[in-house]
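See below for final.cif, which holds mmCIF, C-alpha atoms.
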data_start
#
loop_
_atom_site.label_atom_id
_atom_site.label_comp_id
_atom_site.auth_asym_id
_atom_site.auth_seq_id
_atom_site.Cartn_x
_atom_site.Cartn_y
_atom_site.Cartn_z
CA MET A 715 0.00 0.00 0.00
CA ALA A 716 2.83 2.41 0.93
CA GLU A 717 4.57 1.69 -2.36
CA SER A 718 1.41 2.38 -4.36
CA TRP A 719 0.96 5.72 -2.52
CA GLU A 720 4.57 6.71 -3.25
CA CYS A 721 4.02 5.88 -6.90
CA MET A 722 0.90 7.99 -7.00
CA ASP A 723 2.69 10.87 -5.25
CA ALA A 724 5.37 10.72 -7.89
CA LYS A 725 2.72 10.85 -10.61
CA MET A 726 1.04 13.77 -8.88
CA SER A 727 4.25 15.85 -8.86
CA PRO A 728 4.77 17.74 -12.11
CA ALA A 729 7.84 17.17 -14.15
CA PRO A 730 10.54 19.84 -13.76
CA ASP A 731 10.08 21.01 -17.35
CA GLN A 732 6.30 21.42 -16.97
CA ARG A 733 5.96 25.15 -16.58
CA ILE A 734 2.86 27.30 -16.85
CA PRO A 735 3.32 30.83 -18.25
CA LEU A 736 1.81 33.42 -15.91
CA MET A 737 -0.59 36.02 -17.36
CA LYS A 738 -1.09 33.72 -20.35
CA SER A 739 -4.17 31.66 -19.71
CA ARG A 740 -4.11 27.97 -20.56
CA ARG A 741 -7.88 27.97 -21.06
CA ARG A 742 -10.40 29.94 -23.03
CA GLY A 743 -13.29 30.03 -20.59
CA ASP A 744 -16.07 32.57 -20.19
CA THR A 745 -15.18 35.97 -18.77
CA TRP A 746 -18.64 37.29 -18.10
CA VAL A 747 -18.11 38.30 -14.44
CA VAL A 748 -15.34 40.81 -15.18
CA SER A 749 -17.33 42.07 -18.17
CA VAL A 750 -20.44 42.64 -16.03
CA PHE A 751 -18.52 44.60 -13.40
CA VAL A 752 -16.84 46.72 -16.08
CA ILE A 753 -20.18 47.52 -17.72
CA ILE A 754 -21.73 48.44 -14.35
CA GLU A 755 -18.87 50.79 -13.49
CA ILE A 756 -19.00 52.49 -16.89
CA GLY A 757 -22.75 52.91 -16.45
CA VAL A 758 -22.28 54.41 -12.97
CA PHE A 759 -19.73 56.90 -14.31
CA ILE A 760 -22.07 57.97 -17.12
CA ALA A 761 -24.88 58.39 -14.60
CA THR A 762 -22.57 60.44 -12.35
CA MET A 763 -21.68 62.82 -15.17
CA LEU A 764 -25.34 63.05 -16.14
CA VAL A 765 -26.25 64.09 -12.59
CA ASN A 766 -23.26 66.44 -12.43
CA ASP A 767 -24.43 68.42 -15.49
CA CYS A 768 -21.49 70.81 -15.44
CA TRP A 769 -22.92 72.91 -18.28
CA SER A 770 -25.94 73.95 -16.20
CA ASN A 771 -24.70 73.74 -12.61
CA SER A 772 -21.35 75.47 -13.30
CA HIS A 773 -22.76 77.95 -15.81
CA GLY A 774 -20.60 76.69 -18.64
CA ASP A 775 -17.29 76.85 -16.72
CA CYS A 776 -16.33 73.34 -17.81
CA VAL A 777 -13.63 71.31 -19.52
CA LEU A 778 -14.60 70.01 -22.99
CA GLN A 779 -17.67 72.24 -23.19
CA SER A 780 -18.69 70.61 -26.47
CA LEU A 781 -19.84 67.59 -24.44
CA GLY A 782 -22.58 69.74 -22.92
CA ARG A 783 -24.19 67.98 -19.98
CA PHE A 784 -21.35 65.45 -19.91
CA SER A 785 -18.56 68.02 -19.79
CA PHE A 786 -16.15 67.92 -16.84
CA GLN A 787 -15.52 70.25 -13.93
CA PRO A 788 -12.56 72.66 -14.21
CA LEU A 789 -9.19 71.02 -13.50
CA LEU A 790 -8.76 73.09 -10.33
CA GLU A 791 -11.89 71.37 -9.01
CA ASN A 792 -11.19 67.89 -10.31
CA PRO A 793 -7.83 67.20 -12.01
CA LEU A 794 -9.02 63.74 -13.09
CA LEU A 795 -11.79 65.05 -15.41
CA GLY A 796 -14.80 64.22 -13.31
CA PRO A 797 -17.72 65.67 -11.33
CA SER A 798 -17.82 68.13 -8.45
CA ARG A 799 -17.47 67.29 -4.76
CA SER A 800 -21.18 67.76 -4.10
CA LYS A 801 -22.13 65.34 -6.87
CA PHE A 802 -19.79 62.72 -5.44
CA ASP A 803 -21.79 63.03 -2.22
CA GLU A 804 -25.06 62.62 -4.12
CA MET A 805 -23.82 59.51 -5.93
CA GLY A 806 -22.71 57.71 -2.77
CA ALA A 807 -19.08 58.61 -2.08
CA LEU A 808 -17.75 58.15 1.45
CA ARG A 809 -16.71 60.92 3.80
CA ARG A 810 -16.34 61.09 7.58
CA SER A 811 -19.49 63.17 8.19
CA LEU A 812 -21.64 60.81 6.08
CA LEU A 813 -20.35 57.50 7.43
CA THR A 814 -23.57 56.84 9.34
CA GLN A 815 -25.24 56.24 5.96
CA THR A 816 -24.09 52.62 5.68
CA TRP A 817 -25.49 52.20 2.16
CA ARG A 818 -22.50 54.20 0.96
CA LEU A 819 -20.26 51.21 1.71
CA PHE A 820 -21.92 49.50 -1.28
CA THR A 821 -21.88 52.46 -3.69
CA PHE A 822 -18.33 53.57 -2.84
CA PRO A 823 -16.63 50.65 -4.74
CA PHE A 824 -18.40 51.52 -8.01
CA LEU A 825 -17.46 55.20 -8.18
CA HIS A 826 -14.52 56.68 -10.12
CA ALA A 827 -12.97 60.08 -9.45
CA GLY A 828 -12.87 61.01 -13.13
CA LEU A 829 -12.26 59.88 -16.67
CA PHE A 830 -8.53 59.29 -16.11
CA HIS A 831 -9.29 57.14 -13.07
CA LEU A 832 -11.96 55.21 -14.99
CA LEU A 833 -9.72 54.43 -17.97
CA LEU A 834 -6.67 53.37 -15.95
CA ASN A 835 -8.70 51.34 -13.48
CA LEU A 836 -10.84 49.47 -15.98
CA CYS A 837 -7.96 48.77 -18.37
CA SER A 838 -6.09 47.23 -15.44
CA VAL A 839 -9.17 45.24 -14.33
CA VAL A 840 -9.65 43.84 -17.83
CA TYR A 841 -5.96 43.01 -18.26
CA VAL A 842 -5.63 41.18 -14.94
CA GLY A 843 -9.21 40.03 -14.34
CA VAL A 844 -9.89 38.41 -17.71
CA ARG A 845 -6.78 36.23 -17.43
CA LEU A 846 -7.61 35.19 -13.88
CA GLU A 847 -11.21 34.45 -14.78
CA ARG A 848 -10.23 32.33 -17.77
CA GLU A 849 -7.86 30.37 -15.57
CA PHE A 850 -9.93 29.91 -12.43
CA GLY A 851 -13.53 30.44 -13.52
CA PRO A 852 -16.09 33.24 -13.07
CA VAL A 853 -17.49 32.10 -9.71
CA ARG A 854 -14.24 32.25 -7.75
CA ILE A 855 -13.05 35.48 -9.37
CA GLY A 856 -16.48 37.06 -8.90
CA ILE A 857 -16.45 36.24 -5.18
CA ILE A 858 -12.93 37.60 -4.77
CA TYR A 859 -13.78 40.77 -6.72
CA ALA A 860 -16.91 41.53 -4.67
CA LEU A 861 -15.43 40.72 -1.25
CA SER A 862 -12.22 42.65 -1.95
CA ALA A 863 -14.28 45.68 -2.97
CA PHE A 864 -16.34 45.51 0.23
CA VAL A 865 -13.37 45.03 2.57
CA GLY A 866 -11.63 47.87 0.73
CA ALA A 867 -14.61 50.10 1.55
CA LEU A 868 -14.43 49.09 5.22
CA VAL A 869 -10.70 49.79 5.46
CA ALA A 870 -11.16 53.15 3.71
CA SER A 871 -13.87 54.06 6.24
CA LEU A 872 -11.33 53.88 9.06
CA PHE A 873 -9.17 56.61 7.47
CA LEU A 874 -11.79 58.95 6.02
CA GLN A 875 -11.50 62.71 6.14
CA ASN A 876 -14.30 65.18 5.55
CA ILE A 877 -13.86 65.19 1.78
CA PRO A 878 -15.54 62.78 -0.66
CA ALA A 879 -13.65 59.57 -1.41
CA VAL A 880 -14.31 56.93 -4.07
CA GLY A 881 -12.94 53.40 -4.10
CA ALA A 882 -13.33 51.60 -7.41
CA SER A 883 -9.65 50.67 -7.16
CA GLY A 884 -10.31 48.36 -4.19
CA ALA A 885 -11.62 45.56 -6.40
CA LEU A 886 -8.71 45.97 -8.84
CA TYR A 887 -6.23 45.60 -6.01
CA GLY A 888 -8.15 42.53 -4.89
CA LEU A 889 -7.35 41.00 -8.27
CA LEU A 890 -3.71 42.06 -7.94
CA GLY A 891 -3.52 40.45 -4.50
CA THR A 892 -5.06 37.31 -5.96
CA LEU A 893 -2.49 37.27 -8.74
CA LEU A 894 0.31 37.65 -6.19
CA SER A 895 -1.00 34.73 -4.13
CA GLU A 896 -1.15 32.60 -7.27
CA ILE A 897 2.45 33.50 -8.08
CA VAL A 898 3.70 32.85 -4.53
CA TRP A 899 1.95 29.57 -3.79
CA ASN A 900 2.42 28.07 -7.27
CA TRP A 901 5.88 29.53 -7.78
CA LYS A 902 7.55 26.31 -8.96
CA PHE A 903 4.93 25.68 -11.61
CA HIS A 904 5.50 28.91 -13.58
CA SER A 905 8.03 29.83 -16.20
CA ASN A 906 7.94 33.63 -16.74
CA LYS A 907 7.95 34.70 -13.09
CA ILE A 908 9.95 37.89 -13.57
CA SER A 909 7.74 39.31 -16.30
CA ALA A 910 4.60 38.47 -14.30
CA ILE A 911 5.93 40.18 -11.17
CA ALA A 912 7.04 43.19 -13.23
CA THR A 913 3.54 43.46 -14.70
CA LEU A 914 1.96 43.23 -11.25
CA VAL A 915 4.28 45.91 -9.83
CA PHE A 916 3.71 48.21 -12.81
CA VAL A 917 -0.09 48.04 -12.53
CA PHE A 918 0.10 48.38 -8.74
CA VAL A 919 2.34 51.46 -8.81
CA CYS A 920 0.50 53.27 -11.63
CA ASN A 921 -2.87 52.97 -9.89
CA PHE A 922 -1.48 53.73 -6.45
CA VAL A 923 0.22 56.92 -7.66
CA LEU A 924 -3.11 58.04 -9.11
CA GLY A 925 -4.52 57.59 -5.62
CA PHE A 926 -2.48 60.55 -4.36
CA LEU A 927 -4.75 62.84 -6.38
CA PRO A 928 -8.01 64.14 -4.88
CA TYR A 929 -10.98 61.82 -4.29
CA VAL A 930 -9.24 58.49 -5.11
CA ASP A 931 -8.88 56.45 -1.90
CA ASN A 932 -5.63 54.51 -1.51
CA PHE A 933 -6.71 52.82 1.72
CA SER A 934 -9.43 50.95 -0.16
CA SER A 935 -6.68 49.72 -2.48
CA ILE A 936 -4.62 48.48 0.47
CA GLY A 937 -7.62 46.71 2.00
CA GLY A 938 -8.57 45.18 -1.34
CA PHE A 939 -5.02 43.96 -1.95
CA ILE A 940 -4.77 42.19 1.41
CA SER A 941 -8.22 40.65 0.92
CA GLY A 942 -7.36 39.49 -2.58
CA PHE A 943 -4.17 37.81 -1.38
CA LEU A 944 -5.96 35.95 1.43
CA LEU A 945 -8.92 34.95 -0.73
CA GLY A 946 -6.60 33.87 -3.52
CA SER A 947 -4.84 31.64 -1.01
CA VAL A 948 -8.23 30.10 -0.18
CA PHE A 949 -9.69 29.69 -3.67
CA LEU A 950 -6.84 29.53 -6.17
CA LEU A 951 -4.56 26.79 -4.88
CA THR A 952 -5.77 24.91 -7.92
CA PRO A 953 -5.38 21.13 -8.15
CA GLU A 954 -5.34 21.47 -11.94
CA LEU A 955 -1.59 22.04 -11.72
CA GLN A 956 -1.38 18.33 -10.91
CA PRO A 957 -2.37 15.49 -13.24
CA PRO A 958 -5.68 13.75 -12.45
CA VAL A 959 -6.18 10.14 -11.48
CA ALA A 960 -5.57 7.82 -14.40
CA PRO A 961 -8.97 7.15 -16.02
CA ASN A 962 -8.44 3.40 -16.18
CA LYS A 963 -7.57 3.05 -12.51
CA GLY A 964 -9.76 3.10 -9.43
CA LEU A 965 -10.32 1.60 -6.01
CA ILE A 966 -9.04 -1.84 -6.96
CA ASP A 967 -5.74 -0.50 -8.35
CA TYR A 968 -4.98 1.99 -5.58
CA GLY A 969 -6.77 0.60 -2.57
CA VAL A 970 -9.52 2.40 -0.69
CA LYS A 971 -7.32 4.41 1.68
CA SER A 972 -4.84 5.53 -0.97
CA TYR A 973 -7.59 6.37 -3.44
CA ILE A 974 -9.37 8.59 -0.87
CA LYS A 975 -6.11 10.34 -0.01
CA LEU A 976 -5.44 10.96 -3.69
CA LYS A 977 -8.91 12.44 -4.23
CA LEU A 978 -8.61 14.67 -1.16
CA LYS A 979 -5.22 15.89 -2.29
CA GLN A 980 -6.71 16.88 -5.63
CA ARG A 981 -9.88 18.44 -4.23
CA LEU A 982 -8.38 20.19 -1.20
CA ASP A 983 -4.79 21.03 -2.01
CA ARG A 984 -2.83 22.49 0.94
CA PRO A 985 -5.71 22.44 3.45
CA PHE A 986 -3.73 24.05 6.30
CA LEU A 987 -2.82 27.08 4.18
CA ARG A 988 -6.41 27.45 2.99
CA ILE A 989 -7.81 27.29 6.54
CA VAL A 990 -5.31 29.80 7.93
CA SER A 991 -5.97 32.21 5.04
CA LEU A 992 -9.73 31.90 5.52
CA ILE A 993 -9.41 32.57 9.28
CA LEU A 994 -7.22 35.63 8.65
CA PHE A 995 -9.70 36.98 6.10
CA GLY A 996 -12.57 36.43 8.53
CA LEU A 997 -10.68 38.32 11.24
CA LEU A 998 -9.93 41.17 8.83
CA LEU A 999 -13.56 41.43 7.73
CA ALA A 1000 -14.99 41.21 11.25
CA GLY A 1001 -12.43 43.56 12.76
CA CYS A 1002 -12.97 46.26 10.13
CA LEU A 1003 -16.74 45.91 10.34
CA VAL A 1004 -16.75 46.30 14.14
CA ALA A 1005 -14.37 49.26 13.94
CA VAL A 1006 -16.51 51.02 11.34
CA LEU A 1007 -19.72 50.46 13.30
CA HIS A 1008 -18.03 51.97 16.37
CA GLY A 1009 -16.94 55.02 14.36
CA ILE A 1010 -13.20 54.54 14.88
CA ASN A 1011 -11.04 57.10 13.06
CA ILE A 1012 -7.44 55.88 12.79
CA ASN A 1013 -6.31 59.32 11.60
CA SER A 1014 -6.82 60.48 15.18
CA TYR A 1015 -3.98 58.20 16.26
CA CYS A 1016 -1.83 58.35 13.12
CA THR A 1017 -0.69 61.79 11.99
CA TRP A 1018 1.12 60.58 8.87
CA CYS A 1019 -1.66 58.30 7.59
CA PRO A 1020 -3.36 60.99 5.45
CA TYR A 1021 -0.18 61.22 3.35
CA VAL A 1022 -0.62 57.60 2.25
CA ASP A 1023 -3.66 58.87 0.40
CA CYS A 1024 -2.61 62.40 -0.55
CA ILE A 1025 0.40 64.47 -1.59
CA PRO A 1026 0.03 68.23 -1.00
CA PHE A 1027 0.05 70.37 -4.14
CA THR A 1028 -0.61 73.99 -5.05
CA SER A 1029 -4.22 73.18 -5.97
CA TRP A 1030 -5.09 71.05 -2.91
CA HIS A 1031 -3.90 70.15 0.57
CA CYS A 1032 -4.08 67.06 2.76
CA LYS A 1033 -5.34 68.66 5.96
CA ASP A 1034 -8.78 67.71 7.18
CA THR A 1035 -10.06 71.25 7.70
CA GLU A 1036 -13.43 72.76 6.95
CA THR A 1037 -13.63 75.78 4.67
CA PHE A 1038 -15.87 78.79 5.16
CA CYS A 1039 -16.61 81.58 2.73
CA GLU A 1040 -18.41 84.87 2.92
CA THR A 1041 -20.75 85.56 -0.01
CA MET A 1042 -21.98 88.90 -1.31
CA VAL A 1043 -24.41 89.53 -4.16
CA SER A 1044 -24.41 92.81 -6.11
CA ASN A 1045 -25.17 93.83 -9.69
CA ALA A 1046 -25.93 90.25 -10.78
CA GLN A 1047 -22.54 89.17 -9.51
CA LEU A 1048 -21.56 86.81 -6.73
CA THR A 1049 -18.43 87.56 -4.71
CA MET A 1050 -17.02 84.79 -2.55
CA THR A 1051 -14.24 85.39 -0.02
CA CYS A 1052 -12.46 82.62 1.87
CA ILE A 1053 -12.43 83.43 5.57
CA GLY A 1054 -9.34 81.32 6.17
CA ASN A 1055 -6.90 82.92 3.69
CA GLY A 1056 -8.67 85.98 2.27
CA ASN A 1057 -8.76 84.71 -1.32
CA PHE A 1058 -11.80 85.82 -3.29
CA ARG A 1059 -13.43 85.38 -6.68
CA VAL A 1060 -16.19 87.23 -8.50
CA PHE A 1061 -18.69 85.16 -10.52
CA PRO A 1062 -21.00 86.61 -13.19
CA PHE A 1063 -24.11 84.84 -11.82
CA THR A 1064 -26.15 84.61 -8.64
CA ASN A 1065 -28.51 81.69 -9.23
CA ILE A 1066 -26.45 79.00 -7.54
CA SER A 1067 -27.24 76.21 -5.10
CA ARG A 1068 -25.82 75.92 -1.58
CA ALA A 1069 -23.98 72.72 -2.56
CA ARG A 1070 -22.34 74.51 -5.48
CA ILE A 1071 -21.33 77.40 -3.21
CA ASN A 1072 -19.56 74.87 -0.97
CA ASP A 1073 -17.78 73.43 -4.02
CA LEU A 1074 -16.51 76.84 -5.08
CA CYS A 1075 -15.54 77.72 -1.53
CA ASN A 1076 -13.27 74.68 -1.39
CA VAL A 1077 -11.62 75.75 -4.66
CA ILE A 1078 -11.04 79.32 -3.43
CA CYS A 1079 -9.69 78.23 -0.06
#
What's the structure tokens form of this structure?
Amino acid sequence: MAESWECMDAKMSPAPDQRIPLMKSRRRGDTWVVSVFVIIEIGVFIATMLVNDCWSNSHGDCVLQSLGRFSFQPLLENPLLGPSRSKFDEMGALRRSLLTQTWRLFTFPFLHAGLFHLLLNLCSVVYVGVRLEREFGPVRIGIIYALSAFVGALVASLFLQNIPAVGASGALYGLLGTLLSEIVWNWKFHSNKISAIATLVFVFVCNFVLGFLPYVDNFSSIGGFISGFLLGSVFLLTPELQPPVAPNKGLIDYGVKSYIKLKLKQRLDRPFLRIVSLILFGLLLAGCLVAVLHGININSYCTWCPYVDCIPFTSWHCKDTETFCETMVSNAQLTMTCIGNGNFRVFPFTNISRARINDLCNVIC
């Protein structure tokens, strides 16, 4: 019996020259899950710009005015070609003062800060996600995508400031974490390791750097990445890297005990690693959920944490301070003066909403 098990173990181990190229799928399966998420996020961005209606709400002070209702806010307001702060709030972005509205945890992962964010994020999702989905199937990748996005929203909620934040990158980083776990745990089975790691680092860095600009939340990316790595360790330790039981052999050839061991080894590869990863993910999810429900703000204990998500620039700062402006109307003109620094601007209109006044006040201050 022992000899037969050793023989089977030898058959189960891949030959040294059997290498699987990373980022080049061996299968041509369906990729409908990634496609559905991409379509949803494009639809949400279109809806956001439709609600934003820069042409009307900003009185024509827009980028790409020829787009009319779909034109973008001025670059001083949103350097990523997107909507205004107030419209982010309307569409479900997260901010510290609105965290009691728990439904925002589910809208936050579908929002993009602007056109640049949308294009970079979705191109990365398609590039990484389609290959993972072809390799491991839509169910597993769909679960990882959704859970990484949600945990990313929870982690982001612990570091929020009183400015809108969007977290569509959390799900992308979940896929990147999943890819890293696949590389790490199946290291010996792959051939082009260096190119795969270089691709992962390139996508990671490009999207993370974008997160230093206003509205894009890098903490959701960090939470999504950790979740993706743990969930990848649970779901993607695939037994398909090992040859199956010979079709012409069964219980009689192997013996009952050896045959059961062989089947379990195929169906539940590395059970200890899977269980530990699942426990760690459960602790991460539960811990973040409890912390969010108790309103914990880690920025209160970590003075440098905001700079993980923001780099100060001439057009914006990283301090969590409220802005106040004094408004004066005369001769069909609106004059706004920032109380904090004395800056002021004169606008050739007076019919403006309170939310839009707050947007402009933030720009002036």
**Selection near A:Thr892, 6 Å with all atoms listed in the file, sequence-local residues under 4 positions removed, as a list in words** =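 Neighbouring residues, sequence-local ones excluded: Gly942, Phe943 and Gly946 of chain A.
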**Protein and nucleic acid residues near (-18.6, 64.6, -5.7) (cut-off 10 Å, only C-alpha atoms) as a list in words** =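 So the residues meeting the distance criterion are Thr762, Asn766, Asn792, Gly796, Pro797, Ser798, Arg799, Ser800, Lys801, Phe802, Asp803, Glu804, Met805, Gly806, Ala807, Leu808, Leu825, His826, Ala827, Ile877, Pro878, Ala879, Val880, Tyr929 and Asp1073 of chain A.
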Let me see the file: selected residues, C-alpha atoms, as a PDB file, keeping the file's coordinate frame.
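Listing of part.pdb after writing:
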ATOM      1  CA  THR A 762     -22.570  60.440 -12.350  1.00  0.00           C
ATOM      2  CA  ASN A 766     -23.260  66.440 -12.430  1.00  0.00           C
ATOM      3  CA  ASN A 792     -11.190  67.890 -10.310  1.00  0.00           C
ATOM      4  CA  GLY A 796     -14.800  64.220 -13.310  1.00  0.00           C
ATOM      5  CA  PRO A 797     -17.720  65.670 -11.330  1.00  0.00           C
ATOM      6  CA  SER A 798     -17.820  68.130  -8.450  1.00  0.00           C
ATOM      7  CA  ARG A 799     -17.470  67.290  -4.760  1.00  0.00           C
ATOM      8  CA  SER A 800     -21.180  67.760  -4.100  1.00  0.00           C
ATOM      9  CA  LYS A 801     -22.130  65.340  -6.870  1.00  0.00           C
ATOM     10  CA  PHE A 802     -19.790  62.720  -5.440  1.00  0.00           C
ATOM     11  CA  ASP A 803     -21.790  63.030  -2.220  1.00  0.00           C
ATOM     12  CA  GLU A 804     -25.060  62.620  -4.120  1.00  0.00           C
ATOM     13  CA  MET A 805     -23.820  59.510  -5.930  1.00  0.00           C
ATOM     14  CA  GLY A 806     -22.710  57.710  -2.770  1.00  0.00           C
ATOM     15  CA  ALA A 807     -19.080  58.610  -2.080  1.00  0.00           C
ATOM     16  CA  LEU A 808     -17.750  58.150   1.450  1.00  0.00           C
ATOM     17  CA  LEU A 825     -17.460  55.200  -8.180  1.00  0.00           C
ATOM     18  CA  HIS A 826     -14.520  56.680 -10.120  1.00  0.00           C
ATOM     19  CA  ALA A 827     -12.970  60.080  -9.450  1.00  0.00           C
ATOM     20  CA  ILE A 877     -13.860  65.190   1.780  1.00  0.00           C
ATOM     21  CA  PRO A 878     -15.540  62.780  -0.660  1.00  0.00           C
ATOM     22  CA  ALA A 879     -13.650  59.570  -1.410  1.00  0.00           C
ATOM     23  CA  VAL A 880     -14.310  56.930  -4.070  1.00  0.00           C
ATOM     24  CA  TYR A 929     -10.980  61.820  -4.290  1.00  0.00           C
ATOM     25  CA  ASP A1073     -17.780  73.430  -4.020  1.00  0.00           C
TER      26      ASP A1073
END
**Message:** I'd like to see the residues matched by the PyMOL selection byres ((chain A and resi 850-864) around 6) on this file, and ideally I'd get them as a list in words.
**Reply:** Val747, Pro823, Leu846, Glu847, Arg848, Glu849, Val865, Gly866, Ala867, Gly884, Ala885, Gly888, Gly938, Ser941 and Gly942 of chain A
**Contact residues around A:Ser1029 with only C-alpha atoms at 8 Å, ignoring same-chain residues under 2 positions, as a list of chain:residue names** =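 Final neighbour list, sorted by chain and number: A:Leu790, A:Phe1027, A:His1031, A:Val1077.
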Please, could you write that set of residues out with C-alpha atoms as a JSON list (two decimals), in the frame of the given file?
[["chain", "number", "residue", "atom", "x", "y", "z"],
["A", 790, "LEU", "CA", -8.76, 73.09, -10.33],
["A", 1027, "PHE", "CA", 0.05, 70.37, -4.14],
["A", 1031, "HIS", "CA", -3.90, 70.15, 0.57],
["A", 1077, "VAL", "CA", -11.62, 75.75, -4.66]]
**Request:** Quote the spacing between atom CA of A:Leu764 and atom CA of A:Pro793 in Å to one decimal place.
**Result:**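 Here the two named atoms are 18.5 Å from each other.
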**Asked** Applied to this file, what does the PyMOL selection byres ((chain A and resi 874) around 8) return in terms of residues, put as a list in words?
**Response**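 When the PyMOL selection byres ((chain A and resi 874) around 8) is applied to the shown file, the picked residues are Leu808, Arg809, Arg810, Ala870, Ser871, Leu872, Phe873, Gln875, Asn876, Ile877, Ala879, Asn1011 and Asn1013 of chain A.
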**Message:** Under the rule that only C-alpha atoms are counted, which of A:Leu833, A:Cys1024, A:Ile1010, A:Cys1075 is the nearest residue to A:Glu1036?
**Reply:** A:Cys1075
**Request:** Go through A:Phe751, A:Phe759, A:Trp817, A:Trp1018 and flag the residue nearest A:Leu886, using all atoms listed in the file for the distances.
**Result:**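 Closest candidate: A:Phe751.
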**Asked** Can you tell me how far atom CA of A:Phe784 sits from atom CA of A:Ser772, in Å to one decimal?
**Response**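 Result for atom CA of A:Phe784 versus atom CA of A:Ser772: 12.0 Å, one decimal.
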**Message:** Env of A:Ser947: 9 Å cut, atoms = all atoms listed in the file, seq-sep filter 2 positions within chain, self excluded. Answer as a list of chain:residue names.
**Reply:**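 In the requested form, the answer reads A:Thr892, A:Ser895, A:Glu896, A:Trp899, A:Gly942, A:Phe943, A:Leu944, A:Leu945, A:Phe949, A:Leu950, A:Leu951, A:Leu987, A:Arg988, A:Ser991, A:Leu992.
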**Prompt:** In Å, with one decimal, what is the gap from atom CA of A:Pro1020 to atom CA of A:Gly1054?
**Reply:**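 Straight-line distance from atom CA of A:Pro1020 to atom CA of A:Gly1054 works out to 21.2 Å.
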**Selected residue of minimal separation from A:Ile753 among A:Val839, A:Phe995, A:His831, A:Glu791, counting only C-alpha atoms** =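 Comparing A:Val839, A:Phe995, A:His831, A:Glu791 against A:Ile753, the winner is A:Val839.
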**Request:** For A:Phe1063, list every protein, DNA or RNA residue within 7 Å, evaluated using only C-alpha atoms, and leave out those in the same chain fewer than 3 positions away; present the list as a PyMOL selection string.
**Result:** chain A and resi 1046-1048
Which residues come within 12 Å of A:Thr1064, counting all atoms listed in the file, excluding same-chain residues fewer than 2 positions away, as a compact mmCIF listing (two decimals) with C-alpha atoms, keeping the file's coordinate frame?
# COMPACT_ATOMS: atom_id res chain seq x y z
CA ASN A 771 -24.70 73.74 -12.61
CA SER A 772 -21.35 75.47 -13.30
CA HIS A 773 -22.76 77.95 -15.81
CA THR A 1041 -20.75 85.56 -0.01
CA MET A 1042 -21.98 88.90 -1.31
CA VAL A 1043 -24.41 89.53 -4.16
CA SER A 1044 -24.41 92.81 -6.11
CA ASN A 1045 -25.17 93.83 -9.69
CA ALA A 1046 -25.93 90.25 -10.78
CA GLN A 1047 -22.54 89.17 -9.51
CA LEU A 1048 -21.56 86.81 -6.73
CA THR A 1049 -18.43 87.56 -4.71
CA MET A 1050 -17.02 84.79 -2.55
CA VAL A 1060 -16.19 87.23 -8.50
CA PHE A 1061 -18.69 85.16 -10.52
CA PRO A 1062 -21.00 86.61 -13.19
CA ILE A 1066 -26.45 79.00 -7.54
CA SER A 1067 -27.24 76.21 -5.10
CA ARG A 1068 -25.82 75.92 -1.58
CA ARG A 1070 -22.34 74.51 -5.48
CA ILE A 1071 -21.33 77.40 -3.21
**Asked** Which one of A:Phe824, A:Val842, A:Gly1001, A:Gly925 sits closest to A:Ala761 if you count only C-alpha atoms?
**Response**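 The closest residue to A:Ala761 is A:Phe824.
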